[in-house]
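work.csv (CSV, C-alpha atoms)
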chain,number,residue,atom,x,y,z
A,1,LYS,CA,36.3,-40.5,75.3
A,2,GLU,CA,40.0,-40.2,74.4
A,3,ILE,CA,41.1,-37.1,72.6
A,4,VAL,CA,43.4,-38.1,69.7
A,5,LEU,CA,45.9,-35.3,68.8
A,6,LYS,CA,47.9,-35.4,65.5
A,7,ILE,CA,50.7,-32.9,65.1
A,8,ASP,CA,52.3,-32.4,61.7
A,9,LYS,CA,54.9,-29.9,60.6
A,10,LEU,CA,53.3,-27.2,58.4
A,11,SER,CA,55.4,-26.2,55.4
A,12,SER,CA,54.1,-23.3,53.4
A,13,LEU,CA,55.0,-22.6,49.7
A,14,SER,CA,55.6,-19.0,50.8
A,15,ASN,CA,58.8,-20.1,52.6
A,16,LYS,CA,60.2,-21.2,49.3
A,17,LEU,CA,58.8,-18.4,47.1
A,18,LYS,CA,59.2,-15.2,49.0
A,19,PHE,CA,56.9,-13.1,46.8
A,20,LEU,CA,54.0,-15.2,48.1
A,21,LYS,CA,54.5,-13.3,51.4
A,22,TRP,CA,53.7,-10.0,49.7
A,23,PRO,CA,50.3,-8.4,50.2
A,24,ILE,CA,47.5,-9.9,48.1
A,25,PHE,CA,49.7,-12.9,47.1
A,26,ARG,CA,49.8,-14.1,50.8
A,27,GLY,CA,46.0,-14.1,50.9
A,28,ILE,CA,45.7,-16.2,47.8
A,29,ILE,CA,48.3,-18.8,48.9
A,30,ASN,CA,46.8,-18.9,52.5
A,31,LEU,CA,43.4,-19.6,51.1
A,32,ILE,CA,44.7,-22.5,48.9
A,33,GLU,CA,46.8,-24.0,51.7
A,34,SER,CA,43.9,-23.6,54.2
A,35,LEU,CA,41.6,-25.6,51.8
A,36,VAL,CA,44.2,-28.4,51.5
A,37,LEU,CA,44.8,-28.4,55.3
A,38,GLY,CA,41.1,-28.5,56.0
A,39,LEU,CA,40.6,-31.4,53.7
A,40,LYS,CA,43.4,-33.3,55.4
A,41,ALA,CA,41.9,-32.6,58.8
A,42,LEU,CA,38.4,-33.7,57.8
A,43,THR,CA,39.8,-36.9,56.3
A,44,TYR,CA,41.8,-37.7,59.4
A,45,SER,CA,38.7,-36.9,61.6
A,46,ALA,CA,36.6,-39.3,59.5
A,47,GLU,CA,39.3,-42.0,59.9
A,48,GLN,CA,39.1,-41.6,63.7
A,49,ALA,CA,35.3,-41.7,63.7
A,50,THR,CA,34.9,-44.7,61.4
A,51,GLY,CA,38.1,-46.6,62.2
A,52,GLU,CA,38.8,-46.9,58.5
A,53,GLU,CA,42.0,-45.5,57.0
A,54,GLU,CA,41.3,-43.2,54.1
A,55,LYS,CA,44.4,-41.9,52.3
A,56,LEU,CA,43.8,-38.7,50.3
A,57,ASN,CA,46.6,-38.4,47.7
A,58,SER,CA,47.5,-35.4,45.7
A,59,ILE,CA,45.3,-36.4,42.8
A,60,ASP,CA,42.3,-36.9,45.1
A,61,MET,CA,43.0,-33.6,46.7
A,62,PHE,CA,43.2,-31.8,43.4
A,63,PHE,CA,39.9,-33.2,42.1
A,64,THR,CA,38.2,-32.5,45.4
A,65,ILE,CA,39.2,-28.9,45.3
A,66,LEU,CA,38.4,-28.7,41.6
A,67,ILE,CA,34.8,-30.0,42.2
A,68,ALA,CA,34.4,-27.6,45.2
A,69,PHE,CA,35.5,-24.7,43.0
A,70,GLY,CA,33.2,-25.8,40.3
A,71,LEU,CA,30.2,-25.9,42.6
A,72,PHE,CA,31.2,-22.5,44.0
A,73,THR,CA,31.4,-21.1,40.4
A,74,ILE,CA,27.9,-22.5,39.6
A,75,PHE,CA,26.0,-21.4,42.7
A,76,PHE,CA,27.9,-18.2,43.7
A,77,ILE,CA,29.0,-16.9,40.3
A,78,ALA,CA,27.0,-18.3,37.4
A,79,LEU,CA,23.6,-18.5,39.1
A,80,PRO,CA,23.4,-14.9,40.4
A,81,THR,CA,25.1,-13.5,37.2
A,82,THR,CA,22.5,-15.4,35.0
A,83,ILE,CA,19.5,-14.2,37.1
A,84,ALA,CA,20.8,-10.6,37.0
A,85,LYS,CA,21.4,-10.9,33.2
A,86,TYR,CA,17.8,-11.9,32.5
A,87,LEU,CA,16.6,-8.9,34.6
A,88,ASP,CA,19.0,-6.6,32.7
A,89,ARG,CA,16.3,-4.5,31.2
A,90,TYR,CA,15.1,-3.5,34.7
A,91,LEU,CA,18.6,-2.8,35.9
A,92,SER,CA,19.9,-0.2,33.5
A,93,ASN,CA,22.1,1.5,36.0
A,94,LEU,CA,25.4,-0.3,36.4
A,95,ILE,CA,25.7,0.3,40.1
A,96,ILE,CA,22.2,-1.0,40.8
A,97,TYR,CA,22.9,-4.0,38.5
A,98,ASN,CA,26.0,-5.0,40.4
A,99,LEU,CA,24.4,-4.3,43.8
A,100,PHE,CA,21.4,-6.5,42.8
A,101,GLU,CA,23.8,-9.3,41.6
A,102,GLY,CA,25.8,-9.0,44.8
A,103,MET,CA,22.8,-9.1,47.0
A,104,LEU,CA,21.6,-12.2,45.1
A,105,ARG,CA,25.0,-13.8,45.8
A,106,ILE,CA,24.8,-13.0,49.5
A,107,SER,CA,21.2,-14.3,49.7
A,108,ILE,CA,22.3,-17.6,48.1
A,109,PHE,CA,25.1,-17.9,50.6
A,110,ILE,CA,22.7,-17.3,53.5
A,111,LEU,CA,20.3,-19.9,52.2
A,112,TYR,CA,23.3,-22.3,51.7
A,113,LEU,CA,24.4,-21.8,55.3
A,114,ASN,CA,20.9,-22.2,56.6
A,115,PHE,CA,20.5,-25.5,54.7
A,116,ILE,CA,23.8,-27.1,55.8
A,117,SER,CA,23.3,-26.0,59.4
A,118,MET,CA,20.3,-28.3,59.5
A,119,ILE,CA,22.5,-31.3,58.9
A,120,LYS,CA,23.3,-33.0,62.2
A,121,GLU,CA,27.0,-33.7,61.4
A,122,VAL,CA,27.5,-30.2,60.0
A,123,LYS,CA,25.9,-28.7,63.1
A,124,ARG,CA,28.4,-30.6,65.2
A,125,VAL,CA,31.3,-29.2,63.1
A,126,PHE,CA,29.9,-25.7,63.7
A,127,GLU,CA,29.9,-26.4,67.5
A,128,TYR,CA,33.6,-27.3,67.3
A,129,HIS,CA,34.1,-24.1,65.2
A,130,GLY,CA,32.5,-22.2,68.1
A,131,ALA,CA,34.8,-24.0,70.6
A,132,GLU,CA,37.8,-23.0,68.5
A,133,HIS,CA,36.9,-19.4,68.7
A,134,LYS,CA,36.3,-19.5,72.5
A,135,VAL,CA,39.7,-21.1,73.0
A,136,ILE,CA,41.5,-18.5,70.8
A,137,TYR,CA,39.8,-15.7,72.7
A,138,ALA,CA,40.9,-17.2,76.0
A,139,TYR,CA,44.5,-17.6,74.8
A,140,GLU,CA,44.6,-14.0,73.4
A,141,ALA,CA,43.3,-12.8,76.8
A,142,GLY,CA,46.2,-14.6,78.5
A,143,GLU,CA,44.0,-16.9,80.5
A,144,GLU,CA,44.9,-20.5,81.4
A,145,LEU,CA,43.5,-22.9,78.9
A,146,LYS,CA,40.8,-24.6,81.0
A,147,VAL,CA,37.2,-25.3,80.2
A,148,ASP,CA,35.9,-23.0,83.0
A,149,ASN,CA,38.0,-20.1,81.6
A,150,VAL,CA,37.1,-20.7,78.0
A,151,ARG,CA,33.4,-21.3,78.3
A,152,LYS,CA,32.5,-17.6,78.9
A,153,TYR,CA,33.9,-16.3,75.6
A,154,SER,CA,32.0,-15.6,72.4
A,155,THR,CA,31.8,-18.0,69.5
A,156,LEU,CA,32.2,-15.0,67.1
A,157,HIS,CA,35.8,-14.0,66.2
A,158,PRO,CA,36.9,-11.2,63.8
A,159,ARG,CA,39.5,-13.3,62.1
A,160,CYS,CA,37.1,-16.1,61.2
A,161,GLY,CA,37.0,-17.6,57.7
A,162,THR,CA,33.3,-16.8,57.6
A,163,SER,CA,34.0,-13.1,58.0
A,164,PHE,CA,36.6,-13.5,55.2
A,165,ILE,CA,33.9,-15.0,52.9
A,166,PHE,CA,31.6,-12.1,53.7
A,167,ILE,CA,34.3,-9.6,52.8
A,168,VAL,CA,34.9,-11.5,49.6
A,169,LEU,CA,31.2,-11.1,48.7
A,170,VAL,CA,31.2,-7.4,49.5
A,171,ILE,CA,34.4,-6.7,47.7
A,172,SER,CA,33.2,-8.6,44.6
A,173,ILE,CA,30.3,-6.2,44.3
A,174,LEU,CA,32.8,-3.3,44.1
A,175,ILE,CA,35.3,-5.0,41.8
A,176,PHE,CA,32.6,-6.4,39.4
A,177,SER,CA,31.2,-2.9,39.1
A,178,LEU,CA,34.4,-1.9,37.3
A,179,LEU,CA,34.0,-4.6,34.7
A,180,GLY,CA,31.1,-3.0,32.9
A,181,LYS,CA,28.5,-5.1,31.1
A,182,GLN,CA,29.4,-7.9,28.8
A,183,THR,CA,27.7,-11.0,27.4
A,184,LEU,CA,26.6,-13.6,30.0
A,185,LEU,CA,29.5,-15.9,29.2
A,186,LEU,CA,32.1,-13.1,29.5
A,187,ARG,CA,30.6,-11.9,32.7
A,188,ILE,CA,31.0,-15.4,34.2
A,189,VAL,CA,34.5,-15.8,32.9
A,190,TYR,CA,35.7,-12.4,34.1
A,191,ARG,CA,34.2,-12.9,37.5
A,192,VAL,CA,35.8,-16.3,37.9
A,193,SER,CA,39.2,-15.1,36.7
A,194,ILE,CA,39.5,-12.3,39.2
A,195,ILE,CA,38.4,-14.4,42.3
A,196,PRO,CA,42.1,-14.7,43.3
A,197,LEU,CA,42.5,-11.0,43.3
A,198,ILE,CA,39.3,-10.5,45.3
A,199,ALA,CA,40.5,-13.2,47.8
A,200,GLY,CA,43.8,-11.5,48.2
A,201,LEU,CA,42.3,-8.1,48.8
A,202,SER,CA,39.8,-9.5,51.2
A,203,TYR,CA,42.5,-11.2,53.2
A,204,GLU,CA,44.4,-7.9,53.6
A,205,ILE,CA,41.1,-6.2,54.8
A,206,LEU,CA,40.5,-9.0,57.3
A,207,LYS,CA,44.0,-8.7,58.7
A,208,LEU,CA,43.7,-4.9,58.9
A,209,SER,CA,40.3,-4.9,60.5
A,210,ALA,CA,41.3,-7.5,63.1
A,211,LYS,CA,44.2,-5.3,64.2
A,212,ASN,CA,42.0,-2.2,64.6
A,213,MET,CA,38.9,-3.6,66.4
A,214,ALA,CA,39.2,-0.9,69.0
A,215,ILE,CA,38.2,1.8,66.4
A,216,PRO,CA,34.4,2.2,66.5
A,217,LEU,CA,34.1,2.6,62.7
A,218,VAL,CA,36.0,-0.7,62.1
A,219,LYS,CA,33.9,-2.5,64.7
A,220,TRP,CA,30.8,-1.3,62.9
A,221,ALA,CA,32.2,-2.4,59.5
A,222,VAL,CA,33.0,-5.9,60.7
A,223,ALA,CA,29.7,-6.5,62.4
A,224,PRO,CA,28.0,-8.1,59.4
A,225,GLY,CA,30.8,-10.6,59.1
A,226,LEU,CA,30.4,-11.5,62.8
A,227,TRP,CA,26.7,-11.8,62.3
A,228,PHE,CA,27.3,-14.3,59.5
A,229,GLN,CA,29.3,-16.4,62.0
A,230,LYS,CA,26.0,-17.1,63.8
A,231,PHE,CA,25.3,-19.5,61.0
A,232,THR,CA,28.7,-21.3,61.1
A,233,THR,CA,29.4,-21.3,64.8
A,234,LYS,CA,27.3,-22.9,67.5
A,235,GLU,CA,27.6,-23.1,71.3
A,236,PRO,CA,29.8,-26.1,72.1
A,237,ASP,CA,29.6,-28.4,75.1
A,238,ASP,CA,32.4,-28.9,77.5
A,239,SER,CA,33.8,-32.0,75.7
A,240,GLN,CA,34.1,-30.0,72.5
A,241,LEU,CA,35.9,-27.2,74.4
A,242,GLU,CA,38.3,-29.8,75.8
A,243,VAL,CA,39.1,-30.9,72.2
A,244,ALA,CA,39.6,-27.3,71.1
A,245,ILE,CA,41.9,-26.7,74.1
A,246,GLU,CA,44.1,-29.7,73.3
A,247,ALA,CA,44.2,-28.8,69.6
A,248,LEU,CA,45.5,-25.3,70.5
A,249,ARG,CA,48.0,-26.6,73.0
A,250,GLY,CA,49.3,-28.9,70.3
A,251,VAL,CA,50.7,-26.0,68.4
A,252,LEU,CA,51.9,-23.8,71.3
A,253,PRO,CA,55.6,-24.2,72.3
A,254,GLU,CA,54.7,-23.5,76.0
A,255,TYR,CA,52.5,-26.6,76.1
A,256,ASN,CA,54.2,-28.8,73.6
A,257,GLU,CA,57.9,-29.9,74.0
A,258,ILE,CA,57.9,-31.3,70.5
A,259,ILE,CA,57.6,-28.0,68.7
A,260,LYS,CA,59.9,-25.9,70.9
Please, can you express the file's structure as C-alpha cells?
Amino acid sequence: KEIVLKIDKLSSLSNKLKFLKWPIFRGIINLIESLVLGLKALTYSAEQATGEEEKLNSIDMFFTILIAFGLFTIFFIALPTTIAKYLDRYLSNLIIYNLFEGMLRISIFILYLNFISMIKEVKRVFEYHGAEHKVIYAYEAGEELKVDNVRKYSTLHPRCGTSFIFIVLVISILIFSLLGKQTLLLRIVYRVSIIPLIAGLSYEILKLSAKNMAIPLVKWAVAPGLWFQKFTTKEPDDSQLEVAIEALRGVLPEYNEIIK
C-alpha cells in the first residue's frame, strides 16, 4: 500500500503572543493546539481511508472540542466528585476525601482506556501510537530510520501524552485538596475552572522529568505514567513502523528538502 504523506506548516499562537511561551502558559496552549492538530490529522486520515473529502471548519472544530471537553467534565470531574460527595460522611478527613476522589478519577480513566482498547479501530490507532514511540526512540538514539533499527525499541516513551494525562490526574488530587469542601455544584465548577492551571503545571513536570530520566528517583516517579501507556500503545507491525518512519522524516530537515 502507498504511504500518503501530508506536510503542513505549523504556526503556533505562541509565536505571536510571547507570554504563551512562559512556563504554565506554554503547557495550556500546547494542549489546545495539540487537540486541534490531532482532530485535523484524524480527519485527514479518515479521508484517505474512505476516499471521501471531509472538511472540518473552525466552527466544527470548536464544537467538537467543546463536546469532548463536556464529556471529560461529566465522566472525569462531575462523576467522581458526585460519588465522593455522597460518601462525604465516611470521608471526614479532607486528605482522605480528595485521595478517594482522585483514585475514583484514575479508576474511571483506566476503565475508559480498557473499554476503547477493545474497539478494533482504536486498537489499530494504539498500534500506530506504539510505532511513533519506537521511531522517536531510534531517532533520539541517532540510528538510521529503518524498520530493522526501529523495531527493537519500546512502545513506552516518557514524553507521551498518556503520561501527561496521568500527571494531570495526580496533580489534580493535590490541587483539589487546597480547595476545601464546598457544595457539590461549587466543587464541580472550581475543579473545571482550574483545569488549565493543572494542565500547565503537568506539562512543566512532564518536560522536567523527561530531561532527568537518568536520575533513579525520577525514573521511579514516571513509572506509573509509563505503565498507563500499556493501554494506549500496542506493538505495531512493520507496515505501521514504515508509516511512522515516513511521518517523522517528513518533519526532519535532513530528510525533507521542503522544510530546510
Quick one: pull the distance between CA of Ile74 (chain A) and CA of Ser193 (chain A), Å, one decimal.
13.8 Å
When distances are computed from all atoms listed in the file, which of A:Val222, A:Ser34, A:Leu94, A:Ser12 shows the smallest separation from Gln182 (chain A)?
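The shortest atom-to-atom distance to Gln182 (chain A) comes from A:Leu94.
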Give me the residues of region 148-223 of chain A that have any atom at most 9 Å from an atom of region 231-241 of chain A; for each, the nearest atom pair and the distance in Å, rounded to one decimal. Use only C-alpha atoms, sort by chain and number, and format it as JSON lines.
{"residue": "A:Asp148", "atom": "CA", "partner": "A:Asp238", "partner_atom": "CA", "distance": 8.8}
{"residue": "A:Val150", "atom": "CA", "partner": "A:Leu241", "partner_atom": "CA", "distance": 7.5}
{"residue": "A:Arg151", "atom": "CA", "partner": "A:Leu241", "partner_atom": "CA", "distance": 7.5}
{"residue": "A:Ser154", "atom": "CA", "partner": "A:Glu235", "partner_atom": "CA", "distance": 8.8}
{"residue": "A:Thr155", "atom": "CA", "partner": "A:Thr233", "partner_atom": "CA", "distance": 6.2}
{"residue": "A:Leu156", "atom": "CA", "partner": "A:Thr233", "partner_atom": "CA", "distance": 7.3}
{"residue": "A:Thr162", "atom": "CA", "partner": "A:Thr232", "partner_atom": "CA", "distance": 7.3}
Find the residues near Ala199 (chain A): any atom within 9 Å, counting only C-alpha atoms, skip ones fewer than 4 places away on the same chain, and give them as a count of residues only.
13
Which residue is closest to Ser177 (chain A)? Choose from A:Glu132, A:Glu101, A:Asp60, A:Glu140 and count all atoms listed in the file.
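Closest residue, counting all atoms listed in the file: A:Glu101.
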Please report the interatomic distance between CA of Gly200 (chain A) and CA of Leu174 (chain A) in Å with one decimal.
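So the two atoms, CA of Gly200 (chain A) and CA of Leu174 (chain A), lie 14.3 Å apart.
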Using all atoms listed in the file, determine which residues lie at most 12 Å from Leu186 (chain A), disregarding the query and same-chain residues fewer than 6 positions distant; provide the list as a PyMOL selection string.
chain A and resi 77-78+81-82+85+176+179-180+192-193
Kindly give the distance, in Å, that separates CA of Lys146 (chain A) and CA of Ile245 (chain A), rounded to a single decimal.
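About the pair CA of Lys146 (chain A) and CA of Ile245 (chain A): they are 7.3 Å apart.
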Name all residues at most 9 Å from Ile65 (chain A) (count all atoms listed in the file; drop same-chain ones fewer than 5 positions away) and give them as JSON, numbers by chain.
{"A": [35, 36, 39, 60, 70]}
Mind dumping the selected residues with C-alpha atoms as a CSV table (one decimal), keeping the file's coordinate frame?
chain,number,residue,atom,x,y,z
A,35,LEU,CA,41.6,-25.6,51.8
A,36,VAL,CA,44.2,-28.4,51.5
A,39,LEU,CA,40.6,-31.4,53.7
A,60,ASP,CA,42.3,-36.9,45.1
A,70,GLY,CA,33.2,-25.8,40.3
For a quick check of understanding, using only C-alpha atoms, which of A:Ala210, A:Ile96, A:Leu169, A:His129 has the smallest distance to Ile108 (chain A)?
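Among the listed residues, the smallest separation from Ile108 (chain A) belongs to A:Leu169.
Closest to Phe100 (chain A) among A:Ala221, A:Met61, A:Leu20, A:Val170 is A:Val170, based on all atoms listed in the file.
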Write out as JSON, numbers by chain the residues lying within 10 Å of Ile110 (chain A), counting only C-alpha atoms and excluding same-chain residues fewer than 5 positions away.
{"A": [104, 105, 115, 228, 231]}
Based on the selection just made, write C-alpha atoms of those residues as a PDB file, in the frame of the given file.
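This is the output file out-v7.pdb:
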ATOM      1  CA  LEU A 104      21.600 -12.200  45.100  1.00  0.00           C
ATOM      2  CA  ARG A 105      25.000 -13.800  45.800  1.00  0.00           C
ATOM      3  CA  PHE A 115      20.500 -25.500  54.700  1.00  0.00           C
ATOM      4  CA  PHE A 228      27.300 -14.300  59.500  1.00  0.00           C
ATOM      5  CA  PHE A 231      25.300 -19.500  61.000  1.00  0.00           C
TER       6      PHE A 231
END
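Minimum atom-to-atom distance to Ala84 (chain A), evaluated using all atoms listed in the file, belongs to A:Ile188 out of A:Leu206, A:Leu13, A:Ala46, A:Ile188.
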Which one of A:Phe126, A:Phe76, A:Tyr190, A:Phe109 sits closest to Phe166 (chain A) if you count all atoms listed in the file?
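Among A:Phe126, A:Phe76, A:Tyr190, A:Phe109, it is A:Phe109 that comes nearest to Phe166 (chain A).
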As a JSON list (two decimals) with C-alpha atoms, in the coordinates of the input, please: the residues near Leu248 (chain A) (cut-off 9 Å, only C-alpha atoms, same-chain neighbours under 6 positions excluded).
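Result file follows (selection-v7.json):
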[["chain", "number", "residue", "atom", "x", "y", "z"],
["A", 132, "GLU", "CA", 37.80, -23.00, 68.50],
["A", 135, "VAL", "CA", 39.70, -21.10, 73.00],
["A", 136, "ILE", "CA", 41.50, -18.50, 70.80],
["A", 139, "TYR", "CA", 44.50, -17.60, 74.80],
["A", 145, "LEU", "CA", 43.50, -22.90, 78.90]]
Using all atoms listed in the file, what residues lie at most 10 Å away from (44.2, -9.0, 64.9) (file coordinates), given as a VMD selection string?
chain A and resid 140 157 to 159 206 to 213
